[in-house]
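S.K.: First the structure, then my questions, so here it is.
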Number of protein chains: 2
Amino acid sequence: MSTDTPARLLQLLSLLQTPREWPGGELADRLGVSRRTVRRDVDRLRELGYPVQATMGADGGYRLVAGKAMPPLVLDDEEAVAIAVGLRAGAGHAVEGVDEASVRALAKLEQVLPGRLRHRVATLQAATTPLTSGDGASIAPETLTVIASTIAGREGLRFAYRARDGAESRRRTEPYRLVSTERRWYLVAYDLDRDDWRTFRVDRVSDPFATGARFTPRELPTGDAAEFLRQSMQRRQDTYEFEVTFSAPAEVVAARLPAWLGTPQPVDEHSCRLRAAAGGPMEWLAVRLAMMDCEFTVHEPPGLVGYVRDLGGRLSRAAGA
Amino acid sequence: MSTDTPARLLQLLSLLQTPREWPGGELADRLGVSRRTVRRDVDRLRELGYPVQATMGADGGYRLVAGKAMPPLVLDDEEAVAIAVGLRAGAGHAVEGVDEASVRALAKLEQVLPGRLRHRVATLQAATTPLTSGDGASIAPETLTVIASTIAGREGLRFAYRARDGAESRRRTEPYRLVSTERRWYLVAYDLDRDDWRTFRVDRVSDPFATGARFTPRELPTGDAAEFLRQSMQRRQDTYEFEVTFSAPAEVVAARLPAWLGTPQPVDEHSCRLRAAAGGPMEWLAVRLAMMDCEFTVHEPPGLVGYVRDLGGRLSRAAGA
DNA sequence: CCAAGTAGGACAGTTACCGTCCTAGATGTG
DNA sequence: CACATCTAGGACGGTAACTGTCCTACTTGG
């Protein structure tokens, strides 16, 4: 309705993102301009790099197709809520390799999410259950997004931290990177009080907030945040090795397990063995194995064997054995 | 760098979405215009409804905050991939109430996703595991997005359908709505051959494609697609009732279960009972119960009891009991 | 108080934009 | 085959909008 050119272009972009064909006449009507102007606008979008495809002939029309760069996504309310909920649900147990970008996208979205939608996201979020099996290691999505924001904005970050021995402390940091490996989130940051680089487990962070103080990022001595994390993990020995034998062909098992857990080695035609290192909560691995839908045997570590035994006992009792 | 006004406005919008403060001078530099013009552009964005907040005084700057409507999201490559992967992973087992919007958002995103990113999404998607426990009821995300596109674009839809008795048939339909209830996806559509409204289970749909023929949506006699689905489900009796007793306070159980499964009723201070109806694969419910981390007893239905017993036995054997 | 930032009015030159005319090419239908 | 319906794009003139420069006013933190 507004007669402004840039506004009209944004509106056109939004219309074209609906997965259907738009005849020029209809667009002209909707935008309140002449057909010729629509053609010019389409031209302009193309010059901007958004590939508008036009099918010729009767029954033709315009539509936005895949191009070189991502066009700005124009979402309606429900779609925005769906993405927010989806990303938040995934934040705790996302796919290896996209976790950090996923949190960044969530932070970006939540920055501009209208208040009334925020409500709906929170409600729906409450209706879903965190997949973490009650070991208290769950992470509030807000924690991740606040941290991501401070990293992107180069702002100071303060939070309360509960160390491995249970001791509480308050930290003033310059956040550097979020890294997630093997079902756990870590923050690599420069600790202003310790005057050195540190890694923090995000599930032990509480009450994080941006101080507002901007800083220029220091250089990490190790270069890569993931590398730095790996080194400090080695010192702490936070992972464990496990070994399982499955009564199913290696291909079948491989298809049902996440690739990062490793590749099962065939023993014979009908069984295979998986030996790999895992981090994160052991319960998760146990449940994952339970979902495999084939016979298997856990050899190591003893803790995992114990947990699987407990789970088995509990289920047997539940069935009234 | 000097492009025309609308392009600059889009660029400005993208800069402001980074969660940080931008001083006017820096924006002027980046956009290649004078400081005054930046102020004018900011004004224009505000008039368009995008609330740009400015902090006054030294060390001030601009940033985009939550407003009345969603601004067009400007994503970088990694963020786009992250959202696509997240939505696809969630497509099979999403949160009640946002599923359809989620699929619509995914369709919208994939329509414009550049080819090189498509590759990355596919790769990462392969690395993750479908959560469906081997009953063959998994759904390819593509199937959902194709259907969603035809609904949005009012295009005819053809697909192959495997009926409950295993009979294969080809369908020509005018798609109306996607509905998901209790872990399953359904398509409500007008069947052009049967000349009547039908519901289809999406996990039995294969090889769907848009015919390209546009149509004007008919009116559904029942009015609401969800209502229509409910009625045809009642005829088929696709759900089952279950009853479980937990050895944990009702609040604790409620907090760990999805709300749509129902509310547990307290029996005494330390236990509670849940009686509700569920649909979808029974294995899913069994695994969900296993993750509850407390003792429980399954009373009904017999099938669920049997499945829990099997799972328990398998786990006990796995632990070498 | 000063420095550095936002906010916004006034003015003049330039530019870009828009609608109304055209004509040309593609495509499916009667 | 001709026709209707769509995209594609050149030409043109009047109007409107945009931009940079130069102002002043106000806010905030050191």
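Quick note on naming: the chains in the structure tokens go A, B, ... in the order shown, residues restart at 1 in each chain, and ligands are numbered from 1 in order of appearance.
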When you look at Val74 in chain A with a cut-off of 10 Å (counting only C-alpha atoms (C1' of nucleotides)), what residues show up, excluding the ones that are within fewer than 3 positions of it in the same chain? I need them as a PDB file with N, CA and C atoms, in the first residue's frame.
M.R.:
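File written: result_9.pdb
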```pdb
ATOM      1  N   LEU A  10      10.794  -4.956  -0.941  1.00  0.00           N
ATOM      2  CA  LEU A  10      10.766  -5.944   0.135  1.00  0.00           C
ATOM      3  C   LEU A  10       9.494  -6.776   0.055  1.00  0.00           C
ATOM      4  N   GLN A  11       8.400  -6.082  -0.212  1.00  0.00           N
ATOM      5  CA  GLN A  11       7.128  -6.780  -0.291  1.00  0.00           C
ATOM      6  C   GLN A  11       7.132  -7.765  -1.458  1.00  0.00           C
ATOM      7  N   LEU A  13       9.715  -9.211  -2.737  1.00  0.00           N
ATOM      8  CA  LEU A  13      10.579 -10.324  -2.346  1.00  0.00           C
ATOM      9  C   LEU A  13       9.794 -11.309  -1.500  1.00  0.00           C
ATOM     10  N   SER A  14       8.981 -10.786  -0.620  1.00  0.00           N
ATOM     11  CA  SER A  14       8.223 -11.675   0.247  1.00  0.00           C
ATOM     12  C   SER A  14       7.180 -12.449  -0.550  1.00  0.00           C
ATOM     13  N   LEU A  15       6.517 -11.775  -1.490  1.00  0.00           N
ATOM     14  CA  LEU A  15       5.523 -12.466  -2.304  1.00  0.00           C
ATOM     15  C   LEU A  15       6.170 -13.574  -3.124  1.00  0.00           C
ATOM     16  N   LEU A  16       7.318 -13.264  -3.695  1.00  0.00           N
ATOM     17  CA  LEU A  16       7.959 -14.235  -4.574  1.00  0.00           C
ATOM     18  C   LEU A  16       8.475 -15.444  -3.810  1.00  0.00           C
ATOM     19  N   GLN A  17       8.581 -15.326  -2.498  1.00  0.00           N
ATOM     20  CA  GLN A  17       9.092 -16.463  -1.742  1.00  0.00           C
ATOM     21  C   GLN A  17       8.030 -17.513  -1.489  1.00  0.00           C
ATOM     22  N   THR A  18       6.788 -17.137  -1.669  1.00  0.00           N
ATOM     23  CA  THR A  18       5.757 -18.162  -1.611  1.00  0.00           C
ATOM     24  C   THR A  18       6.001 -19.109  -2.765  1.00  0.00           C
ATOM     25  N   PRO A  71      18.784 -15.182  -0.301  1.00  0.00           N
ATOM     26  CA  PRO A  71      18.014 -13.937  -0.192  1.00  0.00           C
ATOM     27  C   PRO A  71      17.488 -13.802   1.231  1.00  0.00           C
ATOM     28  N   ASP A  77       4.394 -15.178  10.837  1.00  0.00           N
ATOM     29  CA  ASP A  77       4.505 -15.427  12.275  1.00  0.00           C
ATOM     30  C   ASP A  77       4.717 -16.902  12.596  1.00  0.00           C
ATOM     31  N   GLU A  79       5.730 -19.376  10.825  1.00  0.00           N
ATOM     32  CA  GLU A  79       6.990 -19.961  10.377  1.00  0.00           C
ATOM     33  C   GLU A  79       8.138 -19.545  11.296  1.00  0.00           C
ATOM     34  N   ALA A  80       8.111 -18.294  11.697  1.00  0.00           N
ATOM     35  CA  ALA A  80       9.164 -17.828  12.596  1.00  0.00           C
ATOM     36  C   ALA A  80       9.125 -18.600  13.908  1.00  0.00           C
TER      37      ALA A  80
ATOM     38  N   MET B  70       7.861  -9.522  11.896  1.00  0.00           N
ATOM     39  CA  MET B  70       9.157 -10.128  11.607  1.00  0.00           C
ATOM     40  C   MET B  70       9.828  -9.399  10.449  1.00  0.00           C
ATOM     41  N   PRO B  71      11.038  -8.926  10.642  1.00  0.00           N
ATOM     42  CA  PRO B  71      11.778  -8.394   9.499  1.00  0.00           C
ATOM     43  C   PRO B  71      12.302  -9.551   8.661  1.00  0.00           C
ATOM     44  N   PRO B  72      12.635  -9.303   7.403  1.00  0.00           N
ATOM     45  CA  PRO B  72      13.214 -10.374   6.587  1.00  0.00           C
ATOM     46  C   PRO B  72      14.534 -10.815   7.207  1.00  0.00           C
ATOM     47  N   LEU B  73      14.677 -12.094   7.424  1.00  0.00           N
ATOM     48  CA  LEU B  73      15.882 -12.614   8.054  1.00  0.00           C
ATOM     49  C   LEU B  73      17.004 -12.716   7.041  1.00  0.00           C
ATOM     50  N   VAL B  74      18.108 -12.107   7.342  1.00  0.00           N
ATOM     51  CA  VAL B  74      19.267 -12.212   6.471  1.00  0.00           C
ATOM     52  C   VAL B  74      20.245 -13.195   7.082  1.00  0.00           C
ATOM     53  N   ALA B 105       7.971 -23.508   6.390  1.00  0.00           N
ATOM     54  CA  ALA B 105       9.211 -22.731   6.451  1.00  0.00           C
ATOM     55  C   ALA B 105      10.329 -23.459   5.727  1.00  0.00           C
ATOM     56  N   LYS B 108       9.911 -23.118   2.039  1.00  0.00           N
ATOM     57  CA  LYS B 108      10.278 -21.770   1.624  1.00  0.00           C
ATOM     58  C   LYS B 108      11.794 -21.622   1.547  1.00  0.00           C
ATOM     59  N   LEU B 109      12.454 -22.154   2.552  1.00  0.00           N
ATOM     60  CA  LEU B 109      13.906 -22.039   2.603  1.00  0.00           C
ATOM     61  C   LEU B 109      14.561 -22.850   1.478  1.00  0.00           C
TER      62      LEU B 109
END
```
S.K.: At a cut-off of 10 Å, list the chain A residues touching chain D, using only C-alpha atoms (C1' of nucleotides), as a short mmCIF file (atom, residue, chain, number, x, y, z; two decimals) with N, CA, C and O atoms, in the first residue's frame.
M.R.:
```cif
data_model
loop_
_atom_site.label_atom_id
_atom_site.label_comp_id
_atom_site.auth_asym_id
_atom_site.auth_seq_id
_atom_site.Cartn_x
_atom_site.Cartn_y
_atom_site.Cartn_z
N ASP A 4 6.25 3.65 -1.37
CA ASP A 4 7.70 3.74 -1.30
C ASP A 4 8.36 2.62 -2.09
O ASP A 4 7.97 1.47 -2.00
N THR A 5 9.37 2.97 -2.87
CA THR A 5 10.03 1.97 -3.70
C THR A 5 10.70 0.86 -2.90
O THR A 5 10.46 -0.31 -3.15
N PRO A 23 1.71 -14.27 -11.73
CA PRO A 23 1.63 -13.51 -12.98
C PRO A 23 1.88 -12.04 -12.69
O PRO A 23 1.53 -11.54 -11.61
N GLY A 24 2.48 -11.38 -13.64
CA GLY A 24 2.83 -9.98 -13.44
C GLY A 24 1.64 -9.11 -13.08
O GLY A 24 1.74 -8.21 -12.25
N GLY A 25 0.50 -9.40 -13.70
CA GLY A 25 -0.68 -8.60 -13.42
C GLY A 25 -1.09 -8.66 -11.97
O GLY A 25 -1.38 -7.64 -11.34
N ARG A 36 4.35 -2.47 -15.85
CA ARG A 36 5.70 -2.11 -16.29
C ARG A 36 6.64 -1.97 -15.10
O ARG A 36 7.78 -2.42 -15.12
N ARG A 39 7.80 -5.23 -13.80
CA ARG A 39 8.90 -5.78 -14.59
C ARG A 39 10.22 -5.13 -14.20
O ARG A 39 11.23 -5.78 -14.06
N ARG A 40 10.17 -3.83 -14.03
CA ARG A 40 11.40 -3.11 -13.62
C ARG A 40 11.88 -3.59 -12.26
O ARG A 40 13.07 -3.78 -12.04
N ALA A 54 11.28 -16.61 -14.72
CA ALA A 54 10.00 -16.30 -15.34
C ALA A 54 9.70 -17.39 -16.36
O ALA A 54 10.54 -17.72 -17.18
N THR A 55 8.51 -17.95 -16.27
CA THR A 55 8.09 -18.90 -17.30
C THR A 55 7.25 -18.14 -18.31
O THR A 55 6.34 -17.40 -17.95
N MET A 56 7.61 -18.34 -19.57
CA MET A 56 7.00 -17.56 -20.64
C MET A 56 5.66 -18.15 -21.04
O MET A 56 5.24 -19.18 -20.54
N GLY A 57 5.03 -17.48 -21.95
CA GLY A 57 3.80 -17.98 -22.51
C GLY A 57 2.60 -17.78 -21.61
O GLY A 57 2.72 -17.30 -20.49
N ALA A 58 1.44 -18.16 -22.13
CA ALA A 58 0.24 -18.06 -21.32
C ALA A 58 0.43 -18.91 -20.07
O ALA A 58 1.15 -19.90 -20.09
N ASP A 59 -0.23 -18.50 -19.01
CA ASP A 59 -0.13 -19.24 -17.76
C ASP A 59 1.29 -19.19 -17.19
O ASP A 59 1.71 -20.07 -16.45
N GLY A 60 2.04 -18.18 -17.58
CA GLY A 60 3.39 -18.04 -17.07
C GLY A 60 3.39 -17.26 -15.78
O GLY A 60 2.35 -17.03 -15.16
N GLY A 61 4.56 -16.82 -15.37
CA GLY A 61 4.63 -16.04 -14.14
C GLY A 61 6.03 -16.01 -13.58
O GLY A 61 6.97 -16.55 -14.16
N TYR A 62 6.16 -15.35 -12.43
CA TYR A 62 7.46 -15.19 -11.80
C TYR A 62 7.55 -16.04 -10.55
O TYR A 62 6.55 -16.27 -9.86
#
```
S.K.: Mind checking which residues fall within 10 Å of Gly262 in chain B, counting only C-alpha atoms (C1' of nucleotides), ignoring those fewer than 3 positions away in the same chain, and posting them as a short mmCIF file (atom, residue, chain, number, x, y, z; two decimals) with N, CA and C atoms, in the first residue's frame?
M.R.:
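Below is the file part.cif, written as the result:
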```cif
data_model
loop_
_atom_site.label_atom_id
_atom_site.label_comp_id
_atom_site.auth_asym_id
_atom_site.auth_seq_id
_atom_site.Cartn_x
_atom_site.Cartn_y
_atom_site.Cartn_z
N ALA B 254 5.36 -35.14 35.18
CA ALA B 254 4.77 -34.19 34.24
C ALA B 254 5.85 -33.35 33.58
N LEU B 257 7.56 -35.36 30.72
CA LEU B 257 6.79 -35.91 29.61
C LEU B 257 6.24 -34.77 28.75
N PRO B 258 6.10 -35.00 27.47
CA PRO B 258 5.46 -33.97 26.65
C PRO B 258 4.03 -33.77 27.11
N ALA B 259 3.57 -32.54 27.08
CA ALA B 259 2.26 -32.21 27.63
C ALA B 259 1.13 -32.92 26.88
N GLN B 265 -1.94 -38.39 37.09
CA GLN B 265 -2.72 -38.14 38.31
C GLN B 265 -1.98 -38.71 39.51
N LEU B 274 -0.66 -42.51 34.89
CA LEU B 274 -0.95 -41.82 33.64
C LEU B 274 -1.80 -42.72 32.77
N ARG B 275 -2.97 -42.21 32.40
CA ARG B 275 -3.86 -42.96 31.52
C ARG B 275 -4.21 -42.03 30.37
N ALA B 276 -3.86 -42.42 29.18
CA ALA B 276 -4.10 -41.52 28.05
C ALA B 276 -4.14 -42.32 26.76
N ALA B 277 -4.47 -41.63 25.70
CA ALA B 277 -4.50 -42.25 24.39
C ALA B 277 -3.29 -41.77 23.59
N ALA B 278 -2.72 -42.68 22.85
CA ALA B 278 -1.58 -42.30 22.02
C ALA B 278 -1.74 -42.92 20.66
#
```
S.K.: Find the nearest atom pair between each residue of chain C and chain A for residues within 7 Å, count only C-alpha atoms (C1' of nucleotides), give distances in Å to one decimal, sort rows by chain and ascending number, and present the table as JSON lines.
M.R.:
```
{"residue": "C:DG19", "atom": "C1'", "partner": "A:Ser34", "partner_atom": "CA", "distance": 7.0}
{"residue": "C:DA26", "atom": "C1'", "partner": "A:Gly57", "partner_atom": "CA", "distance": 5.0}
{"residue": "C:DT27", "atom": "C1'", "partner": "A:Gly57", "partner_atom": "CA", "distance": 3.9}
{"residue": "C:DG28", "atom": "C1'", "partner": "A:Ala58", "partner_atom": "CA", "distance": 6.5}
```
S.K.: Looking only at the backbone, which of the residues in range 245-301 of chain B does DSSP tag as strand (DSSP E or B), as a list in words?
M.R.: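 Restricting range 245-301 of chain B to strand (DSSP E or B) produces Thr245, Phe246, Gln265, Pro266, Val267, Asp268, Ser271, Cys272, Arg273, Leu274, Arg275, Ala276, Ala277, Ala278, Phe296, Thr297, Val298, His299 and Glu300 of chain B.
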S.K.: Include N, CA and C atoms and write out the residues we just selected as a PDB file, in the first residue's frame.
M.R.:
```
ATOM      1  N   THR B 245       1.934 -46.677  35.698  1.00  0.00           N
ATOM      2  CA  THR B 245       2.132 -46.128  37.045  1.00  0.00           C
ATOM      3  C   THR B 245       3.608 -45.820  37.237  1.00  0.00           C
ATOM      4  N   PHE B 246       3.906 -44.620  37.701  1.00  0.00           N
ATOM      5  CA  PHE B 246       5.296 -44.216  37.934  1.00  0.00           C
ATOM      6  C   PHE B 246       5.578 -44.128  39.434  1.00  0.00           C
ATOM      7  N   GLN B 265      -1.936 -38.387  37.092  1.00  0.00           N
ATOM      8  CA  GLN B 265      -2.721 -38.140  38.310  1.00  0.00           C
ATOM      9  C   GLN B 265      -1.978 -38.712  39.507  1.00  0.00           C
ATOM     10  N   PRO B 266      -1.804 -37.920  40.558  1.00  0.00           N
ATOM     11  CA  PRO B 266      -1.099 -38.424  41.748  1.00  0.00           C
ATOM     12  C   PRO B 266      -1.883 -39.553  42.413  1.00  0.00           C
ATOM     13  N   VAL B 267      -1.149 -40.602  42.791  1.00  0.00           N
ATOM     14  CA  VAL B 267      -1.772 -41.700  43.547  1.00  0.00           C
ATOM     15  C   VAL B 267      -1.511 -41.465  45.036  1.00  0.00           C
ATOM     16  N   ASP B 268      -0.226 -41.293  45.350  1.00  0.00           N
ATOM     17  CA  ASP B 268       0.116 -40.789  46.686  1.00  0.00           C
ATOM     18  C   ASP B 268       1.294 -39.843  46.514  1.00  0.00           C
ATOM     19  N   SER B 271       4.027 -41.537  44.057  1.00  0.00           N
ATOM     20  CA  SER B 271       3.728 -42.219  42.809  1.00  0.00           C
ATOM     21  C   SER B 271       2.525 -41.569  42.129  1.00  0.00           C
ATOM     22  N   CYS B 272       2.385 -41.861  40.846  1.00  0.00           N
ATOM     23  CA  CYS B 272       1.286 -41.291  40.099  1.00  0.00           C
ATOM     24  C   CYS B 272       0.937 -42.207  38.943  1.00  0.00           C
ATOM     25  N   ARG B 273      -0.201 -41.965  38.344  1.00  0.00           N
ATOM     26  CA  ARG B 273      -0.671 -42.826  37.281  1.00  0.00           C
ATOM     27  C   ARG B 273      -1.000 -41.979  36.056  1.00  0.00           C
ATOM     28  N   LEU B 274      -0.655 -42.513  34.889  1.00  0.00           N
ATOM     29  CA  LEU B 274      -0.952 -41.820  33.643  1.00  0.00           C
ATOM     30  C   LEU B 274      -1.802 -42.722  32.772  1.00  0.00           C
ATOM     31  N   ARG B 275      -2.970 -42.207  32.405  1.00  0.00           N
ATOM     32  CA  ARG B 275      -3.860 -42.964  31.517  1.00  0.00           C
ATOM     33  C   ARG B 275      -4.212 -42.030  30.365  1.00  0.00           C
ATOM     34  N   ALA B 276      -3.857 -42.424  29.180  1.00  0.00           N
ATOM     35  CA  ALA B 276      -4.095 -41.521  28.048  1.00  0.00           C
ATOM     36  C   ALA B 276      -4.141 -42.322  26.759  1.00  0.00           C
ATOM     37  N   ALA B 277      -4.472 -41.629  25.702  1.00  0.00           N
ATOM     38  CA  ALA B 277      -4.500 -42.250  24.388  1.00  0.00           C
ATOM     39  C   ALA B 277      -3.286 -41.775  23.594  1.00  0.00           C
ATOM     40  N   ALA B 278      -2.718 -42.678  22.845  1.00  0.00           N
ATOM     41  CA  ALA B 278      -1.578 -42.301  22.024  1.00  0.00           C
ATOM     42  C   ALA B 278      -1.738 -42.923  20.656  1.00  0.00           C
ATOM     43  N   PHE B 296       8.701 -47.771  37.044  1.00  0.00           N
ATOM     44  CA  PHE B 296       7.326 -47.625  36.583  1.00  0.00           C
ATOM     45  C   PHE B 296       6.759 -48.991  36.223  1.00  0.00           C
ATOM     46  N   THR B 297       5.455 -49.052  36.047  1.00  0.00           N
ATOM     47  CA  THR B 297       4.782 -50.293  35.669  1.00  0.00           C
ATOM     48  C   THR B 297       3.801 -50.005  34.540  1.00  0.00           C
ATOM     49  N   VAL B 298       3.880 -50.823  33.507  1.00  0.00           N
ATOM     50  CA  VAL B 298       2.962 -50.665  32.386  1.00  0.00           C
ATOM     51  C   VAL B 298       1.793 -51.624  32.585  1.00  0.00           C
ATOM     52  N   HIS B 299       0.565 -51.095  32.568  1.00  0.00           N
ATOM     53  CA  HIS B 299      -0.611 -51.943  32.742  1.00  0.00           C
ATOM     54  C   HIS B 299      -1.254 -52.297  31.411  1.00  0.00           C
ATOM     55  N   GLU B 300      -1.343 -51.342  30.523  1.00  0.00           N
ATOM     56  CA  GLU B 300      -2.042 -51.540  29.259  1.00  0.00           C
ATOM     57  C   GLU B 300      -1.388 -50.714  28.166  1.00  0.00           C
TER      58      GLU B 300
END
```
S.K.: DSSP says alpha helix (DSSP H) for which residues of range 58-217 of chain A? Put them as a ChimeraX atom specification?
M.R.: /A:77-91,99-112,115-127,141-153
S.K.: Quick one: pull the distance between CA of Thr145 in chain A and CA of Ala107 in chain A, Å, one decimal.
M.R.: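 Taking CA of Thr145 in chain A and CA of Ala107 in chain A, their separation equals 4.8 Å.
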S.K.: What gap, in Å, lies between CA of Thr173 in chain A and CA of Arg214 in chain A?
M.R.: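 Going from CA of Thr173 in chain A over to CA of Arg214 in chain A, I get 11.5 Å.
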